[in-house]
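Remarks on the structure that follows.
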Amino acid sequence: MSSKIISGSNLGLATQISSTLQIPLTPRKITHFRNGEICVSIQESVRNHDVFIVQTKGPSQSTNDMLMELLILIDACRRSAAKSIYVVLPCYPYARQDKKEESREPITAKLVANLITVAGADRVLTIDLHAAQIQGFFDIPTDNLFAVPVFIENILQNYNPKDLCIIAPDVGGVLRARAIAKRLNTDLAIIDKRREAPGQSEVMNVIGEVKNRHCLLVDDIVDSGGTLCNAAETLIESGAITVDAYVTHGVLSGGA
């Protein structure tokens, strides 16, 4: 049987995938009750088909609505006798809550993995997980793709690697930044950051030499933009000529 591609409310990515693979999107209807509950209807048979559900967050859609929409789409396909259900979820929701940092805190990234699994997904594909251990939260096969090759291709088109310094905006981003610096054979620096509260950050200092260098900040998620702004200011104060950023997931909440 052929494959089916089903999109959530945000059609952009799914439409491009559909066009590239020359597989038409499976029609579905997504509506909301007045109290905000989501109603999903798959508009053609998916029985015995491999179904790929492509779910990305729309600019006006909340993360919670995006997640619930995904879970309901999975359930609808499972109850419609789909042969297999693959979830294409580039930006994993609640990825920043991947461990307990204080008493009585949840590990919400694990909860989301449980929800997707119990809903009926057979496999998950995501990109640049905020924390690598999230891949192990799933009891179903999970593929964590990396944006590094795409970044490197673009960097080589626009910069001279000899003039660059790759910057990790925090300790957690060192592996990602190091992978790019190694493949470009350029220097690496790290921002020493202390986070006072969720969505807020305070840059302490720069570990590495950035004076008279063109600096490229590499990050997985930009939500409020506070980390990038503080890091850029600190790099300029430390003598960087220019500061640019390469980011996988531009969430850009509020006035970011």
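Starting from 1 in every chain, residues are counted up; chains themselves are A, B, ... following the order of the structure tokens, and ligands are numbered from 1 as listed.
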
Mind dumping a table of every range 94-198 of chain A residue within 9 Å of range 58-75 of chain A, with the nearest atom pair and its distance in Å to one decimal, using only C-alpha atoms, sorted by chain and rising number, as CSV?
```
residue,atom,partner,partner_atom,distance
A:Tyr94,CA,A:Thr63,CA,8.5
A:Val112,CA,A:Leu67,CA,8.5
A:Leu115,CA,A:Leu71,CA,7.4
A:Ile116,CA,A:Leu71,CA,6.3
A:Ala119,CA,A:Asp75,CA,5.5
A:Gly120,CA,A:Ile74,CA,6.1
A:Ala121,CA,A:Ile74,CA,6.4
```

Give me a file of those residues, with C-alpha atoms, as a tab-separated table (two decimals), in the first residue's frame.
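Written file, selection-v3.tsv:
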```
chain	number	residue	atom	x	y	z
A	94	TYR	CA	8.74	20.64	26.33
A	112	VAL	CA	5.44	13.98	26.15
A	115	LEU	CA	1.85	10.53	25.47
A	116	ILE	CA	3.05	10.12	21.88
A	119	ALA	CA	-1.45	7.56	21.51
A	120	GLY	CA	-0.22	4.97	19.00
A	121	ALA	CA	2.87	6.28	17.17
```

As a ChimeraX atom specification, please: the residues near range 180-190 of chain A (cut-off 9 Å, only C-alpha atoms, same-chain neighbours under 4 positions excluded).
/A:148-149,151-152,156,161-171,173-176,205-210,218

Now that the selection is made, can you save its residues with N, CA and C atoms as a compact mmCIF listing (two decimals), in the first residue's frame?
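Now in out07.txt:
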```txt
# COMPACT_ATOMS: atom_id res chain seq x y z
N VAL A 148 23.38 20.34 11.54
CA VAL A 148 24.77 20.74 11.30
C VAL A 148 25.15 20.72 9.83
N PRO A 149 24.85 19.67 9.05
CA PRO A 149 25.25 19.69 7.63
C PRO A 149 24.64 20.85 6.85
N PHE A 151 23.77 23.79 8.18
CA PHE A 151 24.46 24.99 8.65
C PHE A 151 25.81 25.14 7.96
N ILE A 152 26.57 24.05 7.91
CA ILE A 152 27.92 24.11 7.34
C ILE A 152 27.88 24.50 5.87
N LEU A 156 29.78 27.95 4.59
CA LEU A 156 30.82 27.94 3.58
C LEU A 156 30.47 28.84 2.39
N PRO A 161 36.07 30.51 6.63
CA PRO A 161 36.27 29.82 7.92
C PRO A 161 37.49 30.32 8.70
N LYS A 162 38.49 30.85 8.00
CA LYS A 162 39.70 31.31 8.69
C LYS A 162 39.43 32.50 9.60
N ASP A 163 38.35 33.25 9.31
CA ASP A 163 38.03 34.44 10.10
C ASP A 163 37.00 34.17 11.19
N LEU A 164 36.53 32.91 11.29
CA LEU A 164 35.40 32.62 12.15
C LEU A 164 35.80 32.09 13.52
N CYS A 165 34.87 32.27 14.46
CA CYS A 165 34.91 31.57 15.74
C CYS A 165 33.49 31.09 16.02
N ILE A 166 33.32 29.80 16.20
CA ILE A 166 32.00 29.23 16.47
C ILE A 166 31.73 29.35 17.97
N ILE A 167 30.54 29.82 18.33
CA ILE A 167 30.21 30.10 19.72
C ILE A 167 29.09 29.19 20.22
N ALA A 168 29.33 28.53 21.34
CA ALA A 168 28.26 27.80 22.04
C ALA A 168 27.64 28.78 23.05
N PRO A 169 26.32 29.04 22.96
CA PRO A 169 25.71 30.04 23.84
C PRO A 169 25.60 29.60 25.30
N ASP A 170 25.84 28.30 25.56
CA ASP A 170 25.87 27.78 26.93
C ASP A 170 26.60 26.44 26.91
N VAL A 171 26.82 25.90 28.08
CA VAL A 171 27.56 24.65 28.17
C VAL A 171 26.82 23.51 27.46
N GLY A 173 25.25 23.53 24.77
CA GLY A 173 25.36 23.58 23.32
C GLY A 173 26.77 23.34 22.80
N VAL A 174 27.67 22.90 23.68
CA VAL A 174 29.07 22.73 23.28
C VAL A 174 29.23 21.66 22.21
N LEU A 175 28.56 20.51 22.37
CA LEU A 175 28.72 19.42 21.41
C LEU A 175 28.31 19.85 20.01
N ARG A 176 27.21 20.58 19.92
CA ARG A 176 26.72 21.04 18.61
C ARG A 176 27.72 22.02 17.99
N ASN A 205 30.63 35.41 31.29
CA ASN A 205 31.88 35.70 30.58
C ASN A 205 32.04 34.77 29.39
N VAL A 206 33.08 35.03 28.61
CA VAL A 206 33.37 34.24 27.41
C VAL A 206 34.60 33.39 27.66
N ILE A 207 34.47 32.10 27.41
CA ILE A 207 35.61 31.19 27.53
C ILE A 207 36.16 30.97 26.12
N GLY A 208 37.31 31.55 25.82
CA GLY A 208 37.89 31.47 24.49
C GLY A 208 38.21 32.85 23.96
N GLU A 209 38.94 32.91 22.87
CA GLU A 209 39.38 34.17 22.27
C GLU A 209 38.48 34.56 21.10
N VAL A 210 37.80 35.69 21.22
CA VAL A 210 36.89 36.14 20.16
C VAL A 210 37.27 37.51 19.61
N VAL A 218 25.66 29.31 17.62
CA VAL A 218 24.92 28.14 17.14
C VAL A 218 24.03 27.64 18.27
```

Go through range 39-117 of chain A and flag each residue having an atom no more than 6 Å from range 26-34 of chain A; for those, report the closest pair of atoms plus their distance in Å to one decimal, using only C-alpha atoms, ordered by chain and rising number, as a Markdown table.
```
| residue | atom | partner | partner_atom | distance |
| --- | --- | --- | --- | --- |
| A:Cys39 | CA | A:Thr31 | CA | 5.2 |
| A:Val40 | CA | A:Ile30 | CA | 4.7 |
| A:Ser41 | CA | A:Lys29 | CA | 5.0 |
| A:Ile42 | CA | A:Arg28 | CA | 4.4 |
| A:Gln43 | CA | A:Arg28 | CA | 5.0 |
```

Keeping only C-alpha atoms, write the selected residues as a PDB file, in the first residue's frame.
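So again.pdb came out as:
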```
ATOM      1  CA  CYS A  39     -11.861  17.984  16.666  1.00  0.00           C
ATOM      2  CA  VAL A  40     -10.078  16.012  13.925  1.00  0.00           C
ATOM      3  CA  SER A  41     -11.501  14.075  10.994  1.00  0.00           C
ATOM      4  CA  ILE A  42      -9.405  12.183   8.410  1.00  0.00           C
ATOM      5  CA  GLN A  43     -11.238  12.677   5.111  1.00  0.00           C
TER       6      GLN A  43
END
```

Pick from A:Ala131, A:Leu11, A:Cys215, A:Val87, whichever lies nearest to Asp143 in chain A using only C-alpha atoms:
A:Val87

Mind listing the strand (DSSP E) residues of range 64-154 of chain A, per DSSP on the backbone, as a tab-separated table (two decimals) with all heavy atoms, in the first residue's frame?
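Saved file states-v8.tsv follows:
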```tsv
chain	number	residue	atom	x	y	z
A	84	SER	N	0.96	1.67	9.88
A	84	SER	CA	1.98	2.21	10.78
A	84	SER	C	1.83	3.72	10.82
A	84	SER	O	1.33	4.34	9.87
A	84	SER	CB	3.39	1.81	10.33
A	84	SER	OG	3.64	2.28	9.02
A	85	ILE	N	2.26	4.31	11.93
A	85	ILE	CA	2.13	5.76	12.13
A	85	ILE	C	3.49	6.33	12.48
A	85	ILE	O	4.08	6.00	13.52
A	85	ILE	CB	1.10	6.09	13.24
A	85	ILE	CG1	-0.26	5.49	12.89
A	85	ILE	CG2	1.01	7.59	13.44
A	85	ILE	CD1	-1.27	5.58	14.02
A	86	TYR	N	4.00	7.18	11.60
A	86	TYR	CA	5.29	7.84	11.81
A	86	TYR	C	5.03	9.31	12.12
A	86	TYR	O	4.33	9.99	11.37
A	86	TYR	CB	6.17	7.72	10.57
A	86	TYR	CG	6.50	6.30	10.17
A	86	TYR	CD1	5.64	5.57	9.34
A	86	TYR	CD2	7.65	5.67	10.62
A	86	TYR	CE1	5.92	4.26	8.97
A	86	TYR	CE2	7.95	4.36	10.25
A	86	TYR	CZ	7.09	3.67	9.42
A	86	TYR	OH	7.37	2.38	9.06
A	87	VAL	N	5.61	9.80	13.19
A	87	VAL	CA	5.43	11.19	13.59
A	87	VAL	C	6.66	11.99	13.18
A	87	VAL	O	7.78	11.67	13.61
A	87	VAL	CB	5.21	11.32	15.10
A	87	VAL	CG1	5.22	12.78	15.53
A	87	VAL	CG2	3.89	10.65	15.50
A	88	VAL	N	6.46	13.00	12.34
A	88	VAL	CA	7.53	13.91	11.95
A	88	VAL	C	7.33	15.19	12.75
A	88	VAL	O	6.45	15.99	12.46
A	88	VAL	CB	7.50	14.19	10.44
A	88	VAL	CG1	8.63	15.15	10.04
A	88	VAL	CG2	7.59	12.89	9.65
A	123	ARG	N	6.90	5.34	15.29
A	123	ARG	CA	8.26	5.88	15.16
A	123	ARG	C	8.17	7.40	15.17
A	123	ARG	O	7.18	7.98	14.71
A	123	ARG	CB	8.92	5.38	13.87
A	123	ARG	CG	10.42	5.62	13.81
A	123	ARG	CD	11.04	5.11	12.50
A	123	ARG	NE	12.49	5.07	12.61
A	123	ARG	CZ	13.20	3.97	12.81
A	123	ARG	NH1	12.58	2.80	12.89
A	123	ARG	NH2	14.52	4.01	12.90
A	124	VAL	N	9.22	8.04	15.69
A	124	VAL	CA	9.26	9.51	15.76
A	124	VAL	C	10.53	10.01	15.08
A	124	VAL	O	11.61	9.44	15.25
A	124	VAL	CB	9.23	9.98	17.23
A	124	VAL	CG1	9.42	11.50	17.32
A	124	VAL	CG2	7.92	9.58	17.90
A	125	LEU	N	10.39	11.07	14.30
A	125	LEU	CA	11.52	11.74	13.69
A	125	LEU	C	11.53	13.19	14.14
A	125	LEU	O	10.52	13.89	14.00
A	125	LEU	CB	11.44	11.65	12.17
A	125	LEU	CG	12.62	12.22	11.37
A	125	LEU	CD1	12.77	11.47	10.05
A	125	LEU	CD2	12.45	13.71	11.07
A	126	THR	N	12.65	13.63	14.70
A	126	THR	CA	12.75	15.01	15.17
A	126	THR	C	14.11	15.56	14.77
A	126	THR	O	14.93	14.85	14.18
A	126	THR	CB	12.53	15.08	16.70
A	126	THR	OG1	12.48	16.44	17.11
A	126	THR	CG2	13.65	14.35	17.44
A	127	ILE	N	14.35	16.84	15.06
A	127	ILE	CA	15.60	17.49	14.64
A	127	ILE	C	16.20	18.26	15.82
A	127	ILE	O	15.51	19.05	16.46
A	127	ILE	CB	15.37	18.45	13.45
A	127	ILE	CG1	14.76	17.69	12.27
A	127	ILE	CG2	16.67	19.13	13.03
A	127	ILE	CD1	14.39	18.58	11.10
A	142	THR	N	13.22	6.19	17.61
A	142	THR	CA	13.21	7.64	17.51
A	142	THR	C	14.48	8.11	16.80
A	142	THR	O	15.58	7.76	17.20
A	142	THR	CB	13.13	8.29	18.90
A	142	THR	OG1	11.97	7.79	19.58
A	142	THR	CG2	13.03	9.79	18.80
A	143	ASP	N	14.31	8.89	15.75
A	143	ASP	CA	15.44	9.41	14.98
A	143	ASP	C	15.62	10.89	15.29
A	143	ASP	O	14.70	11.69	15.08
A	143	ASP	CB	15.19	9.23	13.47
A	143	ASP	CG	15.01	7.76	13.09
A	143	ASP	OD1	15.91	6.97	13.43
A	143	ASP	OD2	13.99	7.42	12.48
A	144	ASN	N	16.80	11.25	15.78
A	144	ASN	CA	17.14	12.65	16.04
A	144	ASN	C	18.10	13.12	14.96
A	144	ASN	O	19.29	12.83	15.01
A	144	ASN	CB	17.77	12.78	17.44
A	144	ASN	CG	18.16	14.22	17.75
A	144	ASN	OD1	17.52	15.16	17.27
A	144	ASN	ND2	19.20	14.39	18.55
A	145	LEU	N	17.58	13.83	13.97
A	145	LEU	CA	18.42	14.34	12.89
A	145	LEU	C	19.13	15.62	13.34
A	145	LEU	O	18.71	16.28	14.28
A	145	LEU	CB	17.57	14.63	11.65
A	145	LEU	CG	16.72	13.47	11.12
A	145	LEU	CD1	16.03	13.87	9.81
A	145	LEU	CD2	17.56	12.22	10.91
```

Using DSSP on the backbone, list every residue of range 23-162 of chain A that comes out as alpha helix (DSSP H), and give them as number ranges by chain.
A: 63-79, 108-119, 148-158

Gap from CA of Leu252 in chain A to CA of Lys211 in chain A - Å, one decimal:
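If I compute the distance from CA of Leu252 in chain A to CA of Lys211 in chain A, I get 29.0 Å.
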
Which residues come within 9 Å of Asp98 in chain A, counting only C-alpha atoms, excluding same-chain residues fewer than 5 positions away, as a PyMOL selection string?
chain A and resi 106-110+130-131+133-134

Could you tell me how far CA of Ala245 in chain A lies from CA of Leu228 in chain A, in Å and to one decimal?
7.9 Å

Which polymer residues have any atom within 8 Å of an atom of Asp223 in chain A, counting only C-alpha atoms, with same-chain residues fewer than 3 positions away left out, as a PyMOL selection string?
chain A and resi 199+250-253+256
